[in-house]
Each structure stands twice: as structure tokens, then as C-alpha cells.
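Text of coords_14.pdb, listed as PDB, C-alpha atoms:
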ATOM      1  CA  MET A   1      72.519 121.241 177.202
ATOM      2  CA  SER A   2      72.503 120.137 180.835
ATOM      3  CA  SER A   3      76.004 121.585 181.346
ATOM      4  CA  VAL A   4      74.795 124.931 180.010
ATOM      5  CA  ILE A   5      71.862 124.922 182.420
ATOM      6  CA  THR A   6      74.223 124.164 185.293
ATOM      7  CA  LEU A   7      76.473 127.065 184.343
ATOM      8  CA  ALA A   8      73.620 129.513 183.874
ATOM      9  CA  HIS A   9      71.496 128.448 186.839
ATOM     10  CA  GLY A  10      69.770 131.503 188.243
ATOM     11  CA  GLN A  11      72.649 133.873 187.526
ATOM     12  CA  ASP A  12      73.917 136.349 184.970
ATOM     13  CA  LEU A  13      77.556 137.065 184.296
ATOM     14  CA  ILE A  14      78.586 140.654 185.057
ATOM     15  CA  VAL A  15      81.540 141.925 183.023
ATOM     16  CA  ASN A  16      83.090 145.282 183.879
ATOM     17  CA  SER A  17      85.069 147.181 181.252
ATOM     18  CA  TYR A  18      85.120 150.383 179.202
ATOM     19  CA  GLY A  19      82.405 152.406 177.503
ATOM     20  CA  GLY A  20      82.475 154.315 174.229
ATOM     21  CA  PRO A  21      83.408 152.495 171.002
ATOM     22  CA  TYR A  22      85.011 149.707 173.058
ATOM     23  CA  GLU A  23      81.628 148.657 174.436
ATOM     24  CA  GLN A  24      80.049 148.007 171.046
ATOM     25  CA  ILE A  25      83.129 146.161 169.805
ATOM     26  CA  ILE A  26      83.281 143.793 172.782
ATOM     27  CA  GLN A  27      79.528 143.208 172.567
ATOM     28  CA  ASP A  28      79.735 142.168 168.917
ATOM     29  CA  ALA A  29      83.053 140.331 168.918
ATOM     30  CA  ILE A  30      82.959 138.537 172.279
ATOM     31  CA  ILE A  31      79.844 138.895 174.430
ATOM     32  CA  LYS A  32      77.107 138.017 171.927
ATOM     33  CA  PRO A  33      78.959 134.921 170.629
ATOM     34  CA  PHE A  34      79.590 133.843 174.246
ATOM     35  CA  GLU A  35      75.926 134.237 175.155
ATOM     36  CA  GLU A  36      74.901 132.192 172.129
ATOM     37  CA  GLN A  37      77.369 129.401 172.870
ATOM     38  CA  TYR A  38      76.533 129.058 176.563
ATOM     39  CA  GLY A  39      72.896 130.134 176.614
ATOM     40  CA  VAL A  40      73.486 132.767 179.291
ATOM     41  CA  ARG A  41      73.072 136.507 179.685
ATOM     42  CA  VAL A  42      76.024 138.846 180.143
ATOM     43  CA  ILE A  43      75.415 142.177 181.874
ATOM     44  CA  TYR A  44      77.965 144.730 180.706
ATOM     45  CA  ASP A  45      79.090 147.209 183.357
ATOM     46  CA  ALA A  46      80.861 150.124 181.642
ATOM     47  CA  VAL A  47      81.659 152.042 184.811
ATOM     48  CA  GLY A  48      85.076 153.309 185.893
ATOM     49  CA  SER A  49      88.628 153.186 184.595
ATOM     50  CA  SER A  50      90.824 150.189 185.328
ATOM     51  CA  GLN A  51      92.387 152.097 188.238
ATOM     52  CA  GLN A  52      88.953 152.889 189.657
ATOM     53  CA  ASP A  53      87.834 149.292 189.169
ATOM     54  CA  TYR A  54      90.833 148.002 191.080
ATOM     55  CA  ALA A  55      90.207 150.535 193.829
ATOM     56  CA  LYS A  56      86.671 149.142 194.127
ATOM     57  CA  ILE A  57      88.016 145.585 194.323
ATOM     58  CA  LYS A  58      90.335 146.653 197.147
ATOM     59  CA  ALA A  59      87.623 148.565 199.000
ATOM     60  CA  THR A  60      85.248 145.589 198.900
ATOM     61  CA  LYS A  61      87.954 143.009 199.701
ATOM     62  CA  GLY A  62      87.418 141.221 196.406
ATOM     63  CA  ARG A  63      83.621 141.550 196.196
ATOM     64  CA  PRO A  64      83.038 144.498 193.837
ATOM     65  CA  GLY A  65      79.778 143.230 192.352
ATOM     66  CA  PHE A  66      81.180 142.117 188.979
ATOM     67  CA  ASP A  67      82.521 138.716 187.931
ATOM     68  CA  VAL A  68      85.090 139.635 185.263
ATOM     69  CA  VAL A  69      86.995 142.894 184.894
ATOM     70  CA  VAL A  70      89.373 144.264 182.259
ATOM     71  CA  MET A  71      92.473 145.769 183.852
ATOM     72  CA  SER A  72      96.220 145.860 183.217
ATOM     73  CA  ALA A  73      99.096 143.543 184.007
ATOM     74  CA  SER A  74     100.273 145.877 186.776
ATOM     75  CA  GLN A  75      96.940 145.648 188.561
ATOM     76  CA  SER A  76      96.868 141.896 188.029
ATOM     77  CA  LEU A  77     100.165 141.580 189.862
ATOM     78  CA  ASP A  78      99.018 143.860 192.680
ATOM     79  CA  GLY A  79      95.684 142.054 193.062
ATOM     80  CA  CYS A  80      97.322 138.645 193.076
ATOM     81  CA  ARG A  81      99.858 139.705 195.681
ATOM     82  CA  GLU A  82      97.104 141.123 197.883
ATOM     83  CA  GLY A  83      94.887 138.053 197.511
ATOM     84  CA  LEU A  84      92.064 139.977 195.810
ATOM     85  CA  LEU A  85      92.089 138.268 192.411
ATOM     86  CA  GLU A  86      91.483 134.650 191.491
ATOM     87  CA  PRO A  87      94.543 132.735 190.257
ATOM     88  CA  MET A  88      94.038 130.996 186.904
ATOM     89  CA  SER A  89      95.798 128.018 185.352
ATOM     90  CA  VAL A  90      95.542 125.864 182.228
ATOM     91  CA  GLU A  91      93.380 123.494 184.266
ATOM     92  CA  THR A  92      90.720 126.166 184.798
ATOM     93  CA  VAL A  93      91.353 128.271 181.657
ATOM     94  CA  HIS A  94      92.572 125.896 178.952
ATOM     95  CA  ASN A  95      93.446 128.558 176.387
ATOM     96  CA  LEU A  96      96.105 130.013 178.663
ATOM     97  CA  ALA A  97      98.297 127.275 177.227
ATOM     98  CA  TYR A  98      98.355 129.054 173.861
ATOM     99  CA  LEU A  99      99.544 132.431 175.141
ATOM    100  CA  ASN A 100     103.148 133.516 174.836
ATOM    101  CA  PRO A 101     104.789 132.374 178.119
ATOM    102  CA  ALA A 102     106.917 135.507 178.525
ATOM    103  CA  ILE A 103     103.882 137.789 178.106
ATOM    104  CA  SER A 104     101.830 135.684 180.527
ATOM    105  CA  ALA A 105     104.657 135.788 183.056
ATOM    106  CA  VAL A 106     104.591 139.601 183.032
ATOM    107  CA  ALA A 107     100.906 139.541 184.023
ATOM    108  CA  GLY A 108     101.292 136.878 186.728
ATOM    109  CA  ALA A 109      98.995 134.078 187.815
ATOM    110  CA  CYS A 110      95.815 136.163 188.147
ATOM    111  CA  GLY A 111      95.814 137.914 184.770
ATOM    112  CA  ALA A 112      94.749 136.398 181.448
ATOM    113  CA  VAL A 113      96.320 138.502 178.671
ATOM    114  CA  HIS A 114      93.609 139.120 176.080
ATOM    115  CA  GLU A 115      95.238 141.964 174.136
ATOM    116  CA  ILE A 116      98.504 143.785 173.602
ATOM    117  CA  GLN A 117      99.115 147.314 172.483
ATOM    118  CA  TYR A 118     102.549 148.850 172.116
ATOM    119  CA  LEU A 119     103.928 152.340 172.421
ATOM    120  CA  SER A 120     104.266 153.423 168.807
ATOM    121  CA  LEU A 121     105.781 156.474 167.142
ATOM    122  CA  LEU A 122     102.896 158.437 165.614
ATOM    123  CA  TYR A 123     103.696 161.053 162.971
ATOM    124  CA  ARG A 124     102.186 163.408 160.395
ATOM    125  CA  THR A 125     102.587 162.013 156.893
ATOM    126  CA  ASP A 126     102.097 165.445 155.310
ATOM    127  CA  LYS A 127     104.740 167.216 157.395
ATOM    128  CA  LEU A 128     107.734 164.871 157.393
ATOM    129  CA  THR A 129     109.685 164.336 154.183
ATOM    130  CA  GLU A 130     110.712 160.853 155.330
ATOM    131  CA  ALA A 131     108.882 158.403 157.552
ATOM    132  CA  PRO A 132     110.677 157.756 160.852
ATOM    133  CA  THR A 133     112.132 154.334 161.570
ATOM    134  CA  SER A 134     113.746 154.798 164.989
ATOM    135  CA  TRP A 135     113.015 156.361 168.370
ATOM    136  CA  LYS A 136     116.126 158.467 167.711
ATOM    137  CA  ASP A 137     114.235 160.179 164.893
ATOM    138  CA  LEU A 138     112.319 162.157 167.530
ATOM    139  CA  PHE A 139     115.515 164.166 167.980
ATOM    140  CA  ASN A 140     115.656 165.255 164.324
ATOM    141  CA  GLU A 141     116.100 168.988 163.820
ATOM    142  CA  ASP A 142     112.873 169.385 161.827
ATOM    143  CA  LEU A 143     110.863 168.168 164.842
ATOM    144  CA  HIS A 144     112.116 170.911 167.151
ATOM    145  CA  GLY A 145     109.019 172.464 168.708
ATOM    146  CA  ARG A 146     106.817 169.871 167.009
ATOM    147  CA  ILE A 147     106.677 167.209 169.739
ATOM    148  CA  VAL A 148     104.360 166.840 172.720
ATOM    149  CA  LEU A 149     105.112 164.476 175.601
ATOM    150  CA  PRO A 150     102.910 162.754 178.196
ATOM    151  CA  THR A 151     103.018 163.847 181.811
ATOM    152  CA  PHE A 152     104.397 161.303 184.242
ATOM    153  CA  ALA A 153     100.843 160.606 185.433
ATOM    154  CA  ASN A 154     100.376 158.848 182.082
ATOM    155  CA  ILE A 155     102.210 155.490 182.045
ATOM    156  CA  MET A 156     103.435 156.329 178.539
ATOM    157  CA  ALA A 157     106.017 158.611 180.157
ATOM    158  CA  ALA A 158     107.583 155.834 182.222
ATOM    159  CA  TYR A 159     107.531 153.442 179.274
ATOM    160  CA  LEU A 160     109.128 155.992 176.937
ATOM    161  CA  THR A 161     111.839 156.666 179.525
ATOM    162  CA  GLN A 162     112.536 152.931 179.757
ATOM    163  CA  ILE A 163     112.636 152.619 175.969
ATOM    164  CA  MET A 164     115.074 155.525 175.681
ATOM    165  CA  ALA A 165     117.248 153.923 178.350
ATOM    166  CA  SER A 166     117.464 150.800 176.175
ATOM    167  CA  VAL A 167     118.086 152.820 172.999
ATOM    168  CA  TYR A 168     120.933 154.812 174.554
ATOM    169  CA  GLY A 169     122.890 152.023 176.218
ATOM    170  CA  GLY A 170     121.011 151.459 179.451
ATOM    171  CA  ASP A 171     118.407 148.901 180.491
ATOM    172  CA  ILE A 172     114.646 149.160 180.929
ATOM    173  CA  ASN A 173     114.780 147.757 184.442
ATOM    174  CA  ASP A 174     118.217 148.241 185.984
ATOM    175  CA  ASN A 175     119.940 151.211 184.296
ATOM    176  CA  ILE A 176     117.404 153.954 183.666
ATOM    177  CA  ASP A 177     119.854 156.896 183.741
ATOM    178  CA  PRO A 178     120.351 157.077 179.933
ATOM    179  CA  GLY A 179     116.571 157.192 179.592
ATOM    180  CA  PHE A 180     116.222 160.251 181.807
ATOM    181  CA  GLU A 181     119.121 161.928 180.017
ATOM    182  CA  ALA A 182     117.426 161.316 176.656
ATOM    183  CA  MET A 183     114.010 162.477 177.902
ATOM    184  CA  THR A 184     115.545 165.678 179.256
ATOM    185  CA  ARG A 185     116.995 166.413 175.811
ATOM    186  CA  LEU A 186     113.691 165.541 174.144
ATOM    187  CA  ALA A 187     111.712 167.756 176.523
ATOM    188  CA  ALA A 188     113.900 170.698 175.511
ATOM    189  CA  GLN A 189     112.595 170.471 171.954
ATOM    190  CA  SER A 190     108.982 169.692 172.900
ATOM    191  CA  ILE A 191     106.073 172.078 173.303
ATOM    192  CA  GLY A 192     105.287 170.636 176.731
ATOM    193  CA  PHE A 193     103.273 167.887 178.407
ATOM    194  CA  GLU A 194      99.691 166.630 178.503
ATOM    195  CA  GLN A 195      98.178 163.793 180.529
ATOM    196  CA  ALA A 196      95.048 162.644 178.683
ATOM    197  CA  SER A 197      95.380 160.634 175.484
ATOM    198  CA  ALA A 198      92.461 162.519 173.920
ATOM    199  CA  ILE A 199      94.258 165.842 174.411
ATOM    200  CA  LEU A 200      97.579 164.433 173.238
ATOM    201  CA  GLU A 201      96.040 163.232 169.985
ATOM    202  CA  SER A 202      94.389 166.606 169.365
ATOM    203  CA  TYR A 203      97.834 168.163 168.986
ATOM    204  CA  ILE A 204      98.815 165.911 166.111
ATOM    205  CA  VAL A 205      95.377 166.018 164.476
ATOM    206  CA  ASP A 206      95.371 169.825 164.251
ATOM    207  CA  GLY A 207      99.000 169.964 163.099
ATOM    208  CA  ARG A 208     100.612 171.653 166.104
ATOM    209  CA  VAL A 209     102.632 168.463 166.625
ATOM    210  CA  TRP A 210     104.262 166.358 163.926
ATOM    211  CA  ALA A 211     105.401 163.339 165.970
ATOM    212  CA  MET A 212     104.811 161.826 169.397
ATOM    213  CA  PRO A 213     104.601 158.527 171.290
ATOM    214  CA  PHE A 214     101.124 156.970 171.261
ATOM    215  CA  TRP A 215      99.459 153.594 171.787
ATOM    216  CA  ASP A 216      99.169 151.755 168.484
ATOM    217  CA  GLY A 217      95.475 150.909 168.916
ATOM    218  CA  ARG A 218      94.491 154.559 169.238
ATOM    219  CA  ALA A 219      96.946 155.463 166.492
ATOM    220  CA  GLN A 220      95.161 153.045 164.174
ATOM    221  CA  LEU A 221      91.830 154.667 164.973
ATOM    222  CA  LEU A 222      93.315 158.001 163.887
ATOM    223  CA  VAL A 223      94.550 156.436 160.651
ATOM    224  CA  ASP A 224      91.092 154.953 160.055
ATOM    225  CA  SER A 225      89.499 158.357 160.676
ATOM    226  CA  GLY A 226      91.320 159.756 157.651
ATOM    227  CA  ALA A 227      93.724 161.994 159.584
ATOM    228  CA  PRO A 228      97.053 162.523 157.739
ATOM    229  CA  VAL A 229      98.978 160.349 160.189
ATOM    230  CA  ASP A 230     100.696 157.002 160.358
ATOM    231  CA  TYR A 231     102.637 155.112 163.020
ATOM    232  CA  ILE A 232     105.477 152.629 163.345
ATOM    233  CA  LEU A 233     106.927 150.100 165.729
ATOM    234  CA  PRO A 234     110.471 151.553 165.800
ATOM    235  CA  GLU A 235     113.387 149.335 164.915
ATOM    236  CA  GLU A 236     114.661 149.276 168.529
ATOM    237  CA  GLY A 237     111.381 147.731 169.706
ATOM    238  CA  SER A 238     108.806 148.955 172.191
ATOM    239  CA  ILE A 239     107.205 148.234 175.547
ATOM    240  CA  PRO A 240     103.726 146.696 175.441
ATOM    241  CA  LEU A 241     100.637 147.799 177.288
ATOM    242  CA  ILE A 242      99.374 144.400 178.445
ATOM    243  CA  ALA A 243      95.641 144.214 179.106
ATOM    244  CA  THR A 244      94.217 141.410 181.209
ATOM    245  CA  LEU A 245      90.982 139.725 182.151
ATOM    246  CA  ASN A 246      90.670 139.275 185.901
ATOM    247  CA  ILE A 247      88.252 137.581 188.276
ATOM    248  CA  PRO A 248      87.790 139.016 191.796
ATOM    249  CA  VAL A 249      88.097 136.382 194.510
ATOM    250  CA  GLY A 250      84.563 137.152 195.706
ATOM    251  CA  ALA A 251      82.902 136.905 192.275
ATOM    252  CA  ASP A 252      79.377 135.490 192.558
ATOM    253  CA  ASN A 253      79.573 133.478 189.346
ATOM    254  CA  LYS A 254      83.173 132.294 189.293
ATOM    255  CA  GLU A 255      82.611 129.164 187.220
ATOM    256  CA  LEU A 256      80.997 131.052 184.374
ATOM    257  CA  ALA A 257      83.599 133.801 184.713
ATOM    258  CA  LEU A 258      86.334 131.247 184.029
ATOM    259  CA  LYS A 259      84.375 130.062 180.979
ATOM    260  CA  PHE A 260      84.184 133.645 179.726
ATOM    261  CA  VAL A 261      87.927 134.194 180.125
ATOM    262  CA  ASP A 262      88.643 130.940 178.315
ATOM    263  CA  PHE A 263      86.234 131.922 175.523
ATOM    264  CA  PHE A 264      87.911 135.324 175.108
ATOM    265  CA  LEU A 265      91.315 133.657 174.753
ATOM    266  CA  ALA A 266      90.119 131.103 172.178
ATOM    267  CA  LYS A 267      91.680 131.309 168.723
ATOM    268  CA  THR A 268      88.532 132.467 166.901
ATOM    269  CA  SER A 269      87.719 135.017 169.614
ATOM    270  CA  GLN A 270      91.229 136.452 169.504
ATOM    271  CA  GLU A 271      90.993 136.706 165.725
ATOM    272  CA  ARG A 272      87.744 138.658 165.972
ATOM    273  CA  TRP A 273      89.195 140.889 168.684
ATOM    274  CA  VAL A 274      92.385 141.744 166.779
ATOM    275  CA  GLN A 275      90.405 142.549 163.641
ATOM    276  CA  SER A 276      87.733 144.557 165.443
ATOM    277  CA  TYR A 277      89.615 146.489 168.113
ATOM    278  CA  LYS A 278      92.889 146.958 166.177
ATOM    279  CA  VAL A 279      95.098 145.491 168.897
ATOM    280  CA  GLY A 280      97.590 142.638 169.140
ATOM    281  CA  SER A 281      97.360 139.212 170.711
ATOM    282  CA  ALA A 282      99.515 137.072 172.983
ATOM    283  CA  ARG A 283      98.534 134.130 170.748
ATOM    284  CA  SER A 284     100.823 133.725 167.752
ATOM    285  CA  ASP A 285      98.652 131.094 166.024
ATOM    286  CA  ILE A 286      95.810 133.423 165.071
ATOM    287  CA  GLU A 287      94.793 133.988 161.454
ATOM    288  CA  VAL A 288      93.980 137.598 160.602
ATOM    289  CA  SER A 289      93.991 139.839 157.552
ATOM    290  CA  ASP A 290      97.274 140.878 155.959
ATOM    291  CA  GLU A 291      96.569 144.455 157.047
ATOM    292  CA  ALA A 292      96.179 143.467 160.707
ATOM    293  CA  ARG A 293      99.194 141.170 160.543
ATOM    294  CA  ALA A 294     101.357 143.929 159.094
ATOM    295  CA  ARG A 295     100.563 146.470 161.798
ATOM    296  CA  LYS A 296      99.802 144.528 164.977
ATOM    297  CA  ILE A 297     101.427 142.055 167.334
ATOM    298  CA  THR A 298     100.216 138.772 165.833
ATOM    299  CA  THR A 299     103.260 136.494 165.386
ATOM    300  CA  GLN A 300     106.111 135.164 167.496
ATOM    301  CA  ALA A 301     108.483 137.466 165.604
ATOM    302  CA  ASP A 302     106.324 140.440 166.613
ATOM    303  CA  LEU A 303     106.328 139.323 170.231
ATOM    304  CA  ASP A 304     110.119 138.985 170.139
ATOM    305  CA  GLU A 305     110.395 142.693 169.248
ATOM    306  CA  LEU A 306     108.797 143.750 172.525
ATOM    307  CA  LEU A 307     110.797 144.917 175.521
ATOM    308  CA  LEU A 308     109.186 143.299 178.545
ATOM    309  CA  PRO A 309     109.490 145.300 181.757
ATOM    310  CA  ASN A 310     109.587 143.905 185.259
ATOM    311  CA  LEU A 311     106.282 145.420 186.368
ATOM    312  CA  ALA A 312     106.911 144.733 190.056
ATOM    313  CA  SER A 313     110.168 146.673 189.798
ATOM    314  CA  LEU A 314     108.435 149.413 187.804
ATOM    315  CA  SER A 315     105.750 149.763 190.451
ATOM    316  CA  ALA A 316     108.387 150.020 193.166
ATOM    317  CA  ASN A 317     110.297 152.703 191.236
ATOM    318  CA  LEU A 318     107.439 154.828 189.902
ATOM    319  CA  ALA A 319     107.274 157.288 192.807
ATOM    320  CA  GLU A 320     111.013 157.943 192.723
ATOM    321  CA  TRP A 321     111.032 158.196 188.923
ATOM    322  CA  GLY A 322     108.098 160.612 189.067
ATOM    323  CA  MET A 323     110.020 162.950 191.356
ATOM    324  CA  ARG A 324     113.082 162.673 189.141
ATOM    325  CA  TRP A 325     110.930 163.462 186.084
ATOM    326  CA  GLU A 326     109.693 166.650 187.782
ATOM    327  CA  ARG A 327     113.259 167.648 188.746
ATOM    328  CA  GLU A 328     115.020 166.874 185.464
ATOM    329  CA  VAL A 329     112.627 166.480 182.544
ATOM    330  CA  VAL A 330     109.907 169.060 183.173
ATOM    331  CA  PRO A 331     112.223 172.075 183.688
ATOM    332  CA  ALA A 332     113.970 171.302 180.384
ATOM    333  CA  ALA A 333     110.772 172.112 178.483
ATOM    334  CA  ARG A 334     110.563 175.664 179.861
TER
END
Representation of the structure as C-alpha cells:
Amino acid sequence: MSSVITLAHGQDLIVNSYGGPYEQIIQDAIIKPFEEQYGVRVIYDAVGSSQQDYAKIKATKGRPGFDVVVMSASQSLDGCREGLLEPMSVETVHNLAYLNPAISAVAGACGAVHEIQYLSLLYRTDKLTEAPTSWKDLFNEDLHGRIVLPTFANIMAAYLTQIMASVYGGDINDNIDPGFEAMTRLAAQSIGFEQASAILESYIVDGRVWAMPFWDGRAQLLVDSGAPVDYILPEEGSIPLIATLNIPVGADNKELALKFVDFFLAKTSQERWVQSYKVGSARSDIEVSDEARARKITTQADLDELLLPNLASLSANLAEWGMRWEREVVPAAR
């Protein structure tokens, strides 16, 4: 008990992440069990998106007022490079040793990968005579005028372009031209573009759209809601959305923050998280229900199906790709 008292001495742990349904899930699956194990109090700060949180970390030079923050692998790389996030290792976070090395490498030394989503192909089960199996199925004649695409401000657009580059003979990092050619053709049979995920999903829920790219976690929530939809990980693979736990360099309670990250990555915690939040894990040794195992990233074979982008290269190319998207892809939808 003395070690617990040392950890908790005079301080609470402040964790910054998302509100809405996410908040209740993380409270039940992670925060309450952590508080019980360590005898501490966690203050949950559901303020700001991951982009806004990182902006606050930059503005305060690594002292944003919270100890742990949920962001993305891209922000982890940026924060590490700029010296704003705390590097982690197996010496300070033991459960890092159990994460897939390739996934961890994408996030860099300052990001602990606690969940994985992938860009899935979401479709209406009551509109299509056959379930899709491939990204190429988006080009089927019966989907003409029944597809909506993300704007380039939504990272889904860049990921889908990279995926299409891979599907049509290019490469997700070094030969993106086939991806833009494919997206230009796809835009021509779409009804247009939307940025927000909530608006994108409204199109398929009300039946205006019959198929579209969408994150698998949110797609599962739609399935669970009873909407006549389903989703697949296409046979060519997909690019993951890699979410990370990060610790600002100026965190007030860094020791307990490291304990929290390690707790979140533990086998039992990852099992609860996959089951509760409907996402995948960078641990392939977790034991989850057959339903979760069938639809999420939970095994080494699942991880091998992912196309892992060079996020530093992606970040460097995004501005140029965005301008190219506006020149080539957007006009094709008009």
C-alpha cells in the first residue's frame, strides 16, 4: 500500500479525451478499474478534439494542464519531434513490449497505441444484391450516384487515396498517382463530399447513399443501432487510424501518468476496451468474443492485412495532395 500512497500523494491524475458515448465507456472499462487498483482519483477532461488538444500542448510548451491525452499517431510524431511529448519505453511502460512492433513504429517513441480502427467499406444490406468484397466494388454500375466521399479536410480522404493507389498498381507512400486517378473516377459517380463523420453517416442511414468509406468503429455502432448496414475490411487491406496515449513533457503527475498508460495497454484492459468500444488492438494476445474477433483487428493475421503509411511522409505531402484533390477530384463530381 505504501507504493500506492507514494503514487497518489497529494495529486489527481487528469486525463483528457473525448466526450459523448466515449466518456462513459472509458470510465467503465479503464478509469474506474485503474482508480480501484491504485487508490487514486482520475479527473476526466472531455474538452477539445485531438487537434485542439495538441494545439494547446504547443501553445503551453508542453504544460497544457492534463497528464495524459488521447491523440493520433500523427500528432505523436509531431509532438515527439518538437520535444513536447514524453518519450516512453518498455522500462517505463512495460506493456509496450506486447504491442505489434510495426504499429508502434508508426506512432513513434512518444505514442502508446491503445486502439486501432481501420477504414472500412460501409454499405446498405437492403440495397445491394451482393455484399462487396473489394474497394473496386465502389465502381460498380449500381452504385452510380449512390456514393458520398469525405472532403480532404477529413483524413479519410487521404487514406482512401492511398488505398486506391495500392489497389491500382501504385504505392501508399511513393506512387500516389494511381490513387488520384481512381478517386477522380469515383468522384464522377458520387453525389459529392462532406467533412463531418456524423453528416457522412446520415447519408447512408437515410438511404441516399448505398456505400461509402467509414471508420469501422463508427460503422459497428451503426450496425448495433439496427440500421440496415454492414461493413467489411476489403480484400486488398486498409489503412488504420492509430490512436495513442500521450504524456505532455510538462505533466504534473508524470509517474502516475506512466502507470495509467501501462494499465491501459495491459491484456485485460485491452480486452475490455475492444469489447466495449468496438475497436481493434495492437496486442495480438488478447482474448475477446468470437463476434469481436471476427470484425476487429485482434490477431497478428489481422494486423498483417493493414497497409501502414509513413506518417511523416504523409504529413509532408498533405498540403500538396490537398491542392491536387481540389484541382482533380472535386471538379469531377460536378
For Asn95 in chain A, the nearest of the candidates A:Val261, A:Val249, A:Val223, A:Met71, counting only C-alpha atoms: A:Val261
From A:Ser276, A:Ser313, A:Gln117, A:Ser74, residue lying nearest Pro240 in chain A [all atoms listed in the file]: A:Gln117
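Our summary of the geometry notes that CA of Glu181 in chain A is positioned 8.4 Å from CA of Ala165 in chain A.
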Explicit residue set for the PyMOL selection byres ((chain A and resi 227) around 12), as a ChimeraX atom specification: /A:122-126,201-207,219-226,228-231
Box for range 221-237 of chain A - axis-aligned, 3 Å on each of the six sides, all listed atoms - centre and size in Å to one decimal, as AutoDock Vina command-line options.
--center_x 102.1 --center_y 155.1 --center_z 163.7 --size_x 31.2 --size_y 20.8 --size_z 18.1
